[in-house]
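Engineer: Take a look at start10.txt, compact mmCIF, C-alpha atoms:
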```txt
# COMPACT_ATOMS: atom_id res chain seq x y z
CA MET N 115 102.68 95.62 88.34
CA GLY N 116 104.74 92.42 88.11
CA ASP N 117 105.50 90.12 91.03
CA GLU N 118 108.91 91.72 91.50
CA GLY N 119 107.46 95.23 91.48
CA GLU N 120 104.80 94.20 93.96
CA HIS N 121 107.41 92.62 96.20
CA HIS N 122 109.47 95.84 96.16
CA LEU N 123 106.37 97.87 97.00
CA ARG N 124 105.44 95.58 99.94
CA HIS N 125 109.05 95.77 101.09
CA ALA N 126 109.11 99.58 100.89
CA VAL N 127 105.78 99.97 102.71
CA LEU N 128 106.92 97.68 105.50
CA VAL N 129 110.25 99.45 105.94
CA SER N 130 108.47 102.81 106.04
CA ARG N 131 106.41 101.57 108.99
CA PHE N 132 109.22 99.63 110.67
CA PRO N 133 112.42 101.60 109.95
CA GLY N 134 114.40 99.08 111.99
CA LEU N 135 113.89 96.54 109.22
CA ALA N 136 116.01 98.66 106.88
CA GLN N 137 119.08 97.97 109.01
CA SER N 138 118.43 94.32 109.79
CA HIS N 139 117.57 91.01 108.18
CA PHE N 140 114.01 90.31 107.21
CA ARG N 141 112.06 88.42 104.57
CA PHE N 142 108.42 87.74 103.83
CA THR N 143 107.36 84.18 104.59
CA SER N 144 103.63 84.25 103.77
CA PRO N 145 101.00 86.25 101.91
CA PRO N 146 98.61 88.53 103.85
CA ASP N 147 95.92 86.60 105.74
CA PRO N 148 93.35 88.15 108.12
CA SER N 149 92.29 84.79 109.53
CA TYR N 150 94.99 84.71 112.24
CA ASN N 151 97.00 87.28 114.17
CA CYS N 152 100.32 87.54 115.97
CA LEU N 153 99.01 86.09 119.24
CA ALA N 154 97.64 82.98 117.53
CA PHE N 155 100.72 82.67 115.33
CA ALA N 156 103.01 82.82 118.36
CA ALA N 157 101.05 79.83 119.69
CA ASN N 158 101.51 77.98 116.38
CA GLU N 159 97.92 78.53 115.31
CA THR N 160 96.98 79.88 111.87
CA ARG N 161 93.24 79.36 111.76
CA ARG N 162 91.84 81.88 114.21
CA CYS N 163 92.61 85.20 115.89
CA TRP N 164 93.36 85.54 119.58
CA HIS N 165 92.77 88.60 121.74
CA PRO N 166 91.79 88.99 125.40
CA SER N 167 89.38 91.93 125.16
CA ALA N 168 85.71 90.98 125.43
CA PHE N 169 84.83 93.64 122.83
CA ALA N 170 87.20 92.05 120.32
CA GLY N 171 84.94 88.98 120.35
CA LEU N 172 87.91 86.75 119.54
CA TYR N 173 89.35 83.60 121.11
CA TRP N 174 91.36 83.83 124.30
CA PRO N 175 92.53 80.91 126.44
CA GLY N 176 90.36 80.89 129.54
CA GLY N 177 87.93 83.48 128.17
CA PRO N 178 87.98 87.29 127.89
CA ALA N 179 90.28 89.27 130.17
CA ASP N 180 91.85 92.72 130.52
CA ASP N 181 94.27 93.50 127.71
CA THR N 182 97.43 93.77 129.78
CA LEU N 183 100.99 92.49 129.60
CA GLN N 184 100.27 90.19 132.55
CA THR N 185 97.26 88.75 130.72
CA TRP N 186 99.38 87.95 127.67
CA ILE N 187 102.09 86.36 129.83
CA ALA N 188 99.47 84.34 131.74
CA ALA N 189 97.94 83.04 128.48
CA PHE N 190 101.31 81.79 127.24
CA ALA N 191 102.02 80.34 130.69
CA GLN N 192 99.09 77.99 129.97
CA LEU N 193 101.17 76.73 127.03
CA GLY N 194 104.17 76.14 129.26
CA TYR N 195 106.09 79.41 128.73
CA ARG N 196 107.85 81.15 131.61
CA VAL N 197 109.56 84.56 131.74
CA THR N 198 113.30 84.45 131.12
CA ASP N 199 116.16 86.92 130.75
CA VAL N 200 117.90 84.95 128.01
CA VAL N 201 117.12 86.28 124.53
CA ASP N 202 119.67 84.23 122.59
CA LEU N 203 118.88 80.97 120.87
CA GLU N 204 119.19 77.95 123.18
CA THR N 205 119.02 74.41 121.87
CA GLY N 206 115.77 72.71 122.80
CA ILE N 207 114.12 75.91 124.04
CA GLU N 208 111.26 77.72 122.29
CA LYS N 209 110.97 81.46 122.90
CA LEU N 210 108.50 84.28 122.49
CA ALA N 211 109.17 88.03 122.64
CA ILE N 212 106.41 90.42 123.69
CA TYR N 213 106.58 94.02 122.45
CA ALA N 214 104.84 96.77 124.43
CA ASP N 215 104.58 100.56 124.58
CA PRO N 216 105.61 101.02 127.33
CA ASP N 217 103.58 98.50 129.36
CA PHE N 218 100.70 98.07 126.95
CA PRO N 219 101.20 94.85 124.94
CA LEU N 220 101.21 95.37 121.18
CA HIS N 221 102.86 92.39 119.52
CA VAL N 222 104.43 89.00 120.07
CA ALA N 223 107.08 87.23 117.97
CA ARG N 224 108.24 83.59 118.07
CA GLN N 225 111.87 82.49 117.79
CA LEU N 226 112.79 80.17 114.92
CA PRO N 227 115.31 77.32 115.14
CA ASN N 228 117.72 79.42 113.02
CA GLY N 229 117.80 82.13 115.71
CA TYR N 230 115.74 84.65 113.79
CA TRP N 231 112.20 85.50 114.87
CA THR N 232 108.90 85.12 113.04
CA SER N 233 105.95 87.48 113.27
CA LYS N 234 102.46 87.87 111.88
CA LEU N 235 102.00 91.57 111.14
CA GLY N 236 98.36 92.28 111.97
CA PRO N 237 96.24 90.99 109.05
CA LYS N 238 99.25 91.22 106.74
CA GLU N 239 102.18 88.92 106.03
CA ASP N 240 104.35 86.70 108.22
CA ILE N 241 107.98 87.74 108.20
CA GLU N 242 111.28 86.35 109.45
CA HIS N 243 113.19 89.11 111.23
CA GLU N 244 115.50 90.22 114.00
CA LEU N 245 113.94 91.45 117.23
CA GLU N 246 115.19 95.04 116.79
CA GLY N 247 113.67 95.19 113.32
CA LEU N 248 110.13 95.60 114.63
CA ALA N 249 110.94 97.94 117.53
CA GLY N 250 109.52 101.45 117.05
CA THR N 251 106.29 103.37 117.02
CA GLU N 252 104.10 100.54 115.72
CA TYR N 253 104.96 97.87 118.30
CA GLY N 254 107.03 99.63 120.95
CA ARG N 255 109.96 97.58 122.23
CA VAL N 256 110.57 94.08 123.57
CA VAL N 257 109.62 94.01 127.24
CA ALA N 258 109.41 90.30 127.98
CA ILE N 259 111.00 87.08 126.75
CA LEU N 260 109.18 83.83 127.46
CA ALA N 261 110.69 80.37 127.13
CA ARG N 262 109.65 76.72 127.33
CA ARG N 263 111.30 73.42 126.63
CA ALA N 264 110.64 72.42 123.03
CA THR N 265 108.34 69.47 122.76
CA PRO N 266 107.49 68.59 119.15
CA ALA N 267 104.27 66.88 120.22
CA GLN N 268 103.05 70.00 122.01
CA THR N 269 103.91 72.28 119.09
CA GLU N 270 102.24 69.89 116.68
CA ALA N 271 99.11 69.74 118.84
CA GLU N 272 98.95 73.53 118.95
CA THR N 273 99.34 73.71 115.20
CA ASP N 274 96.54 71.21 114.65
CA ARG N 275 94.20 72.84 117.15
CA MET D 169 56.26 127.66 99.25
CA ARG D 170 53.58 126.13 97.08
CA LEU D 171 51.56 125.24 100.18
CA ARG D 172 51.51 128.87 101.19
CA THR D 173 50.34 129.80 97.74
CA PHE D 174 47.63 127.22 98.03
CA VAL D 175 46.53 128.51 101.42
CA GLY D 176 46.39 131.98 99.94
CA ARG D 177 44.27 130.77 97.08
CA ALA D 178 42.06 128.56 99.17
CA ASP D 179 39.81 131.28 100.44
CA GLU D 180 39.34 132.52 96.92
CA SER D 181 38.71 129.36 95.01
CA ILE D 182 38.57 126.13 96.96
CA PHE D 183 34.86 126.10 97.40
CA ALA D 184 34.10 128.46 94.58
CA THR D 185 34.75 126.05 91.78
CA SER D 186 32.87 122.88 91.45
CA THR D 187 34.57 120.48 89.03
CA PRO D 188 34.25 116.75 88.65
CA GLY D 189 37.18 114.67 89.92
CA LEU D 190 40.08 116.44 91.58
CA SER D 191 39.28 120.00 92.52
CA PRO D 192 41.98 122.62 91.86
CA ALA D 193 42.51 122.85 95.60
CA ALA D 194 42.95 119.09 95.96
CA ALA D 195 45.27 119.06 92.95
CA LEU D 196 47.36 121.77 94.57
CA ILE D 197 47.47 119.83 97.82
CA GLU D 198 48.55 116.70 96.00
CA GLU D 199 51.23 118.60 94.07
CA SER D 200 52.50 120.20 97.24
CA ILE D 201 52.61 116.91 99.07
CA ASN D 202 54.51 115.30 96.17
CA GLU D 203 57.00 118.16 96.09
CA ALA D 204 57.51 117.95 99.82
CA TYR D 205 57.98 114.18 99.58
CA ASP D 206 60.51 114.53 96.72
CA HIS D 207 62.39 117.15 98.68
CA TRP D 208 62.46 114.93 101.77
CA ARG D 209 63.60 111.94 99.72
CA GLN D 210 66.37 113.94 98.05
CA THR D 211 67.52 115.25 101.41
CA LEU D 212 67.54 111.74 102.85
CA THR D 213 69.43 110.37 99.86
CA SER D 214 71.90 113.19 100.11
CA GLU D 215 72.37 112.59 103.84
CA ARG D 216 72.88 108.87 103.22
CA SER D 217 75.35 109.62 100.47
CA SER D 218 77.38 111.98 102.65
CA LEU D 219 77.20 109.48 105.52
CA GLU D 220 78.54 106.76 103.27
CA GLU D 221 81.30 109.05 102.01
CA GLU D 222 82.23 109.91 105.58
CA PHE D 223 82.28 106.22 106.49
CA ARG D 224 84.49 105.37 103.52
CA ARG D 225 86.87 108.22 104.31
CA LEU D 226 87.19 107.25 107.99
CA ALA D 227 87.47 103.54 107.22
CA ALA D 228 90.25 104.19 104.69
CA GLU D 229 92.09 106.41 107.17
CA TRP D 230 91.81 103.81 109.91
CA LYS D 231 92.79 100.87 107.69
CA THR D 232 95.92 102.64 106.49
CA ALA D 233 96.94 103.65 110.00
CA ALA D 234 96.23 100.24 111.54
CA GLU D 235 97.48 98.21 108.57
CA PHE D 236 100.12 96.32 110.54
CA GLN D 237 98.63 96.61 114.02
CA SER D 238 98.36 93.41 116.03
CA SER D 239 96.59 94.85 119.07
CA ILE D 240 92.82 94.90 118.58
CA THR D 241 92.60 97.38 121.44
CA ARG D 242 94.91 99.82 119.68
CA ILE D 243 93.11 99.20 116.38
CA ALA D 244 89.75 100.03 117.97
CA MET D 245 91.09 103.08 119.78
CA HIS D 246 92.13 104.78 116.54
CA PRO D 247 90.25 108.12 116.28
CA ALA D 248 88.75 107.25 112.87
CA TYR D 249 87.44 103.91 114.18
CA GLN D 250 85.99 105.69 117.21
CA ARG D 251 84.26 108.23 114.97
CA ILE D 252 82.68 105.40 113.00
CA ILE D 253 81.39 103.92 116.27
CA GLY D 254 80.09 107.42 117.04
CA MET D 255 78.01 107.33 113.84
CA GLY D 256 75.89 104.71 115.63
CA GLN D 257 73.21 102.58 113.98
CA GLU D 258 73.48 104.56 110.73
CA ALA D 259 76.95 103.09 110.17
CA LEU D 260 75.82 99.46 110.49
CA PRO D 261 74.97 98.79 106.81
CA TYR D 262 78.36 100.13 105.72
CA ILE D 263 80.27 98.27 108.43
CA LEU D 264 78.54 94.98 107.67
CA ARG D 265 79.12 95.30 103.93
CA ASP D 266 82.78 96.16 104.49
CA LEU D 267 83.14 93.26 106.92
CA GLU D 268 81.65 90.89 104.37
CA MET D 269 84.04 92.10 101.67
CA THR D 270 87.28 92.58 103.60
CA GLN D 271 86.95 90.73 106.94
CA ALA D 272 88.50 93.79 108.57
CA PRO D 273 88.27 93.80 112.38
CA TRP D 274 84.86 95.45 112.74
CA PHE D 275 83.67 93.15 115.55
CA TRP D 276 84.54 95.66 118.28
CA ALA D 277 82.56 98.42 116.54
CA LEU D 278 79.61 96.13 115.87
CA GLN D 279 79.38 95.08 119.50
CA ALA D 280 79.82 98.65 120.71
CA ILE D 281 77.04 99.98 118.47
CA THR D 282 74.53 97.14 118.79
CA GLY D 283 75.16 95.82 122.29
CA VAL D 284 74.82 92.27 120.99
CA ASP D 285 77.20 89.55 119.85
CA PRO D 286 75.67 86.94 117.55
CA VAL D 287 78.90 84.87 117.44
CA SER D 288 78.78 81.57 119.30
CA MET D 289 81.52 80.76 121.82
CA GLU D 290 82.98 78.01 119.64
CA ASP D 291 83.25 80.37 116.63
CA ARG D 292 85.18 83.09 118.46
CA GLY D 293 88.39 83.90 116.65
CA TYR D 294 87.40 82.24 113.37
CA VAL D 295 87.06 85.41 111.32
CA ASP D 296 85.13 83.80 108.45
CA ARG D 297 82.58 82.25 110.81
CA MET D 298 82.31 85.47 112.85
CA THR D 299 81.74 87.41 109.63
CA ARG D 300 78.99 85.03 108.55
CA ALA D 301 77.30 85.29 111.96
CA TRP D 302 77.27 89.10 111.83
CA VAL D 303 76.09 89.22 108.19
CA ARG D 304 73.26 86.80 109.02
CA TRP D 305 72.36 88.98 112.01
CA GLY D 306 72.34 92.06 109.77
CA MET D 307 69.99 90.35 107.34
CA ARG D 308 67.68 89.17 110.13
CA GLU D 309 67.53 92.72 111.46
CA ASN D 310 66.86 94.11 107.94
CA ILE D 311 70.02 96.20 108.11
CA ILE D 312 71.51 94.75 104.93
```
Translate the structure of the given file into structure tokens.

Structural biologist:
Amino acid sequence: MGDEGEHHLRHAVLVSRFPGLAQSHFRFTSPPDPSYNCLAFAANETRRCWHPSAFAGLYWPGGPADDTLQTWIAAFAQLGYRVTDVVDLETGIEKLAIYADPDFPLHVARQLPNGYWTSKLGPKEDIEHELEGLAGTEYGRVVAILARRATPAQTEAETDR
Amino acid sequence: MRLRTFVGRADESIFATSTPGLSPAAALIEESINEAYDHWRQTLTSERSSLEEEFRRLAAEWKTAAEFQSSITRIAMHPAYQRIIGMGQEALPYILRDLEMTQAPWFWALQAITGVDPVSMEDRGYVDRMTRAWVRWGMRENII
């Protein structure tokens, strides 16, 4: 299968799992990579996986904790994020969106400067997308928006961590 | 079956014949033991083979279902993943080999089955380092 055929197949598989992507903008922005996950990616880290559960054996800021929405929010609070009601792009503000089903956290996406969102899909690709595109049976729906003032130095430090 | 035959013959011939080397009775015992051993080995091989097939089937089912999942908790709660955990120690060689090849999130299952975690605190989250730690542990424990 050529590159184009492979791209169409990846596209079709993704849309079959996230039907919302069929009606909204999305594009692949990386190849699959199991070395980081959505939680790490939301925190600008692409070298390790984050998860609060002790059984997962992964990294979590402050050490293992219960896998709850509050735990996720508290972890990002350590990076300066606070809960907000404003979903739209705001100049100088970085945002995260947490998906849950209904209260159990399943995914987190990070807003890009162009207003779209970026997500790491499990061990698979990163994509650029709209928030509604990933809502559904896999990730539930967006239940919390977090925001912090954009500080390039902080983002850079997180990326280098 | 052969053992029974031997027992039946024993009264008749075991002490009746005096031959140098292996007596007919001893030869029968040896043959019976070898047959029993072959049978046991074949059964064991067959059990291992079916166990491996079951592992592969469950692992494939789980990987397809959890392909895009971000939540390790939801990944580990998948029924196929839970059934692999339920296979216990027998599943460890297959899990460790799959981990080494694919770096799939087997860490939950490994901890649940073994009760240990050979990954150091500073390596948590680094999937390649975690994989190496578990593979080394498996080799130390003669599992792989």

Engineer: Could you pull the residues within 9 Å of segment 267-278 of chain D, counting all atoms listed in the file, minus those fewer than 4 positions along the same chain, as a PyMOL selection string?

Structural biologist: (chain N and resi 148-149+168-172+237) or (chain D and resi 231+240-241+243-244+249-250+252-253+260+262-263+282-285+295-296+298-300+302-303)

Engineer: Identify all chain N residues at most 9 Å from chain D by counting only C-alpha atoms; ligands do not count. Present them as an MDAnalysis selection string.

Structural biologist: chainID N and resid 128 131 148:153 161:165 167:174 181 219:222 234:239 252:253

Engineer: Can you tell me how far atom CA of Thr160 of chain N sits from atom CA of Pro175 of chain N, in Å to one decimal?

Structural biologist: 15.3 Å

Engineer: As a list in words, please: the residues near Ala249 of chain N (cut-off 12 Å, all atoms listed in the file, same-chain neighbours under 6 positions excluded).

Structural biologist: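 My list of contacting residues is Val129, Arg131, Phe132, Pro133, Gly134, Leu135, Ala136, Gln137, Ser138, Ala211, Ile212, Tyr213, Ala214, Asp215, Pro216, Leu220, His221, Val222, Ala223, His243, Arg255, Val256 and Val257 of chain N.
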
Engineer: Write out as a count of residues only which residues come within 9 Å of segment 306-310 of chain D when counting all atoms listed in the file, dropping same-chain ones fewer than 5 positions away.

Structural biologist: 4

Engineer: State, in Å with one decimal place, the distance from atom CA of Leu226 of chain N to atom CA of Leu183 of chain N.

Structural biologist: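 One can read the atom CA of Leu226 of chain N to atom CA of Leu183 of chain N distance as 22.5 Å.
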
Engineer: What separation in Å, quoted to one decimal, exists between atom CA of Ala248 of chain D and atom CA of Ser144 of chain N?

Structural biologist: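 So the two atoms, atom CA of Ala248 of chain D and atom CA of Ser144 of chain N, lie 28.9 Å apart.
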
Engineer: Give me segment 270-307 of chain D from this structure - N, CA and C atoms, as a CSV table (one decimal), in the first residue's frame.

Structural biologist:
```csv
chain,number,residue,atom,x,y,z
D,270,THR,N,6.3,-4.7,21.3
D,270,THR,CA,5.3,-3.7,20.9
D,270,THR,C,5.3,-2.5,21.9
D,271,GLN,N,5.8,-2.6,23.1
D,271,GLN,CA,5.7,-1.6,24.1
D,271,GLN,C,4.3,-1.2,24.4
D,272,ALA,N,3.4,-2.2,24.3
D,272,ALA,CA,2.0,-2.0,24.6
D,272,ALA,C,1.9,-1.9,26.1
D,273,PRO,N,0.8,-1.2,26.6
D,273,PRO,CA,0.7,-0.9,28.1
D,273,PRO,C,0.4,-2.2,28.9
D,274,TRP,N,1.4,-3.0,29.1
D,274,TRP,CA,1.2,-4.2,29.9
D,274,TRP,C,1.6,-4.0,31.4
D,275,PHE,N,2.0,-2.8,31.7
D,275,PHE,CA,2.6,-2.6,33.1
D,275,PHE,C,1.6,-2.9,34.2
D,276,TRP,N,0.3,-2.5,33.9
D,276,TRP,CA,-0.7,-2.8,34.9
D,276,TRP,C,-0.9,-4.3,35.1
D,277,ALA,N,-1.0,-5.1,34.0
D,277,ALA,CA,-1.1,-6.5,34.1
D,277,ALA,C,0.1,-7.2,34.8
D,278,LEU,N,1.3,-6.7,34.5
D,278,LEU,CA,2.5,-7.3,35.1
D,278,LEU,C,2.5,-7.1,36.6
D,279,GLN,N,2.1,-5.8,37.0
D,279,GLN,CA,2.1,-5.6,38.5
D,279,GLN,C,1.0,-6.4,39.1
D,280,ALA,N,-0.2,-6.5,38.5
D,280,ALA,CA,-1.3,-7.2,39.1
D,280,ALA,C,-0.9,-8.7,39.3
D,281,ILE,N,-0.3,-9.3,38.3
D,281,ILE,CA,0.0,-10.7,38.3
D,281,ILE,C,1.2,-11.0,39.3
D,282,THR,N,2.2,-10.1,39.2
D,282,THR,CA,3.4,-10.5,40.0
D,282,THR,C,3.5,-9.8,41.4
D,283,GLY,N,2.8,-8.7,41.6
D,283,GLY,CA,2.9,-8.0,42.9
D,283,GLY,C,4.1,-7.3,43.1
D,284,VAL,N,4.9,-7.2,42.0
D,284,VAL,CA,6.2,-6.4,42.1
D,284,VAL,C,6.2,-5.3,41.0
D,285,ASP,N,7.1,-4.3,41.2
D,285,ASP,CA,7.3,-3.3,40.2
D,285,ASP,C,8.8,-3.0,40.1
D,286,PRO,N,9.5,-3.6,39.1
D,286,PRO,CA,11.0,-3.4,39.1
D,286,PRO,C,11.4,-2.1,38.5
D,287,VAL,N,10.5,-1.2,38.2
D,287,VAL,CA,10.8,0.1,37.6
D,287,VAL,C,11.2,1.1,38.7
D,288,SER,N,12.3,1.8,38.5
D,288,SER,CA,12.7,2.8,39.5
D,288,SER,C,11.8,4.0,39.3
D,289,MET,N,11.8,4.8,40.4
D,289,MET,CA,10.9,6.0,40.4
D,289,MET,C,11.3,6.9,39.3
D,290,GLU,N,12.6,7.1,39.0
D,290,GLU,CA,13.0,8.1,38.0
D,290,GLU,C,12.7,7.6,36.6
D,291,ASP,N,12.4,6.3,36.4
D,291,ASP,CA,12.1,5.7,35.1
D,291,ASP,C,10.6,5.7,34.8
D,292,ARG,N,9.8,6.0,35.8
D,292,ARG,CA,8.3,5.9,35.6
D,292,ARG,C,7.9,6.8,34.4
D,293,GLY,N,7.1,6.2,33.5
D,293,GLY,CA,6.6,7.0,32.4
D,293,GLY,C,7.4,6.8,31.1
D,294,TYR,N,8.7,6.5,31.3
D,294,TYR,CA,9.6,6.3,30.1
D,294,TYR,C,9.4,4.9,29.7
D,295,VAL,N,8.6,4.7,28.7
D,295,VAL,CA,8.1,3.4,28.3
D,295,VAL,C,9.3,2.5,27.9
D,296,ASP,N,10.3,3.0,27.2
D,296,ASP,CA,11.4,2.2,26.8
D,296,ASP,C,12.2,1.7,28.0
D,297,ARG,N,12.4,2.6,29.0
D,297,ARG,CA,13.1,2.2,30.2
D,297,ARG,C,12.3,1.2,31.0
D,298,MET,N,11.0,1.4,31.1
D,298,MET,CA,10.1,0.6,31.9
D,298,MET,C,10.1,-0.8,31.2
D,299,THR,N,10.1,-0.9,29.9
D,299,THR,CA,10.1,-2.1,29.2
D,299,THR,C,11.4,-2.9,29.5
D,300,ARG,N,12.5,-2.2,29.5
D,300,ARG,CA,13.8,-2.8,29.7
D,300,ARG,C,13.9,-3.4,31.2
D,301,ALA,N,13.3,-2.6,32.1
D,301,ALA,CA,13.3,-3.1,33.5
D,301,ALA,C,12.5,-4.3,33.7
D,302,TRP,N,11.4,-4.4,33.0
D,302,TRP,CA,10.5,-5.6,33.1
D,302,TRP,C,11.1,-6.8,32.4
D,303,VAL,N,11.7,-6.6,31.2
D,303,VAL,CA,12.4,-7.7,30.5
D,303,VAL,C,13.5,-8.2,31.3
D,304,ARG,N,14.3,-7.3,31.9
D,304,ARG,CA,15.5,-7.8,32.7
D,304,ARG,C,14.9,-8.6,33.9
D,305,TRP,N,13.8,-8.1,34.5
D,305,TRP,CA,13.2,-8.8,35.6
D,305,TRP,C,12.8,-10.2,35.2
D,306,GLY,N,12.2,-10.3,34.0
D,306,GLY,CA,11.7,-11.6,33.5
D,306,GLY,C,12.9,-12.5,33.3
D,307,MET,N,14.0,-12.0,32.8
D,307,MET,CA,15.2,-12.9,32.6
D,307,MET,C,15.8,-13.3,33.9
```
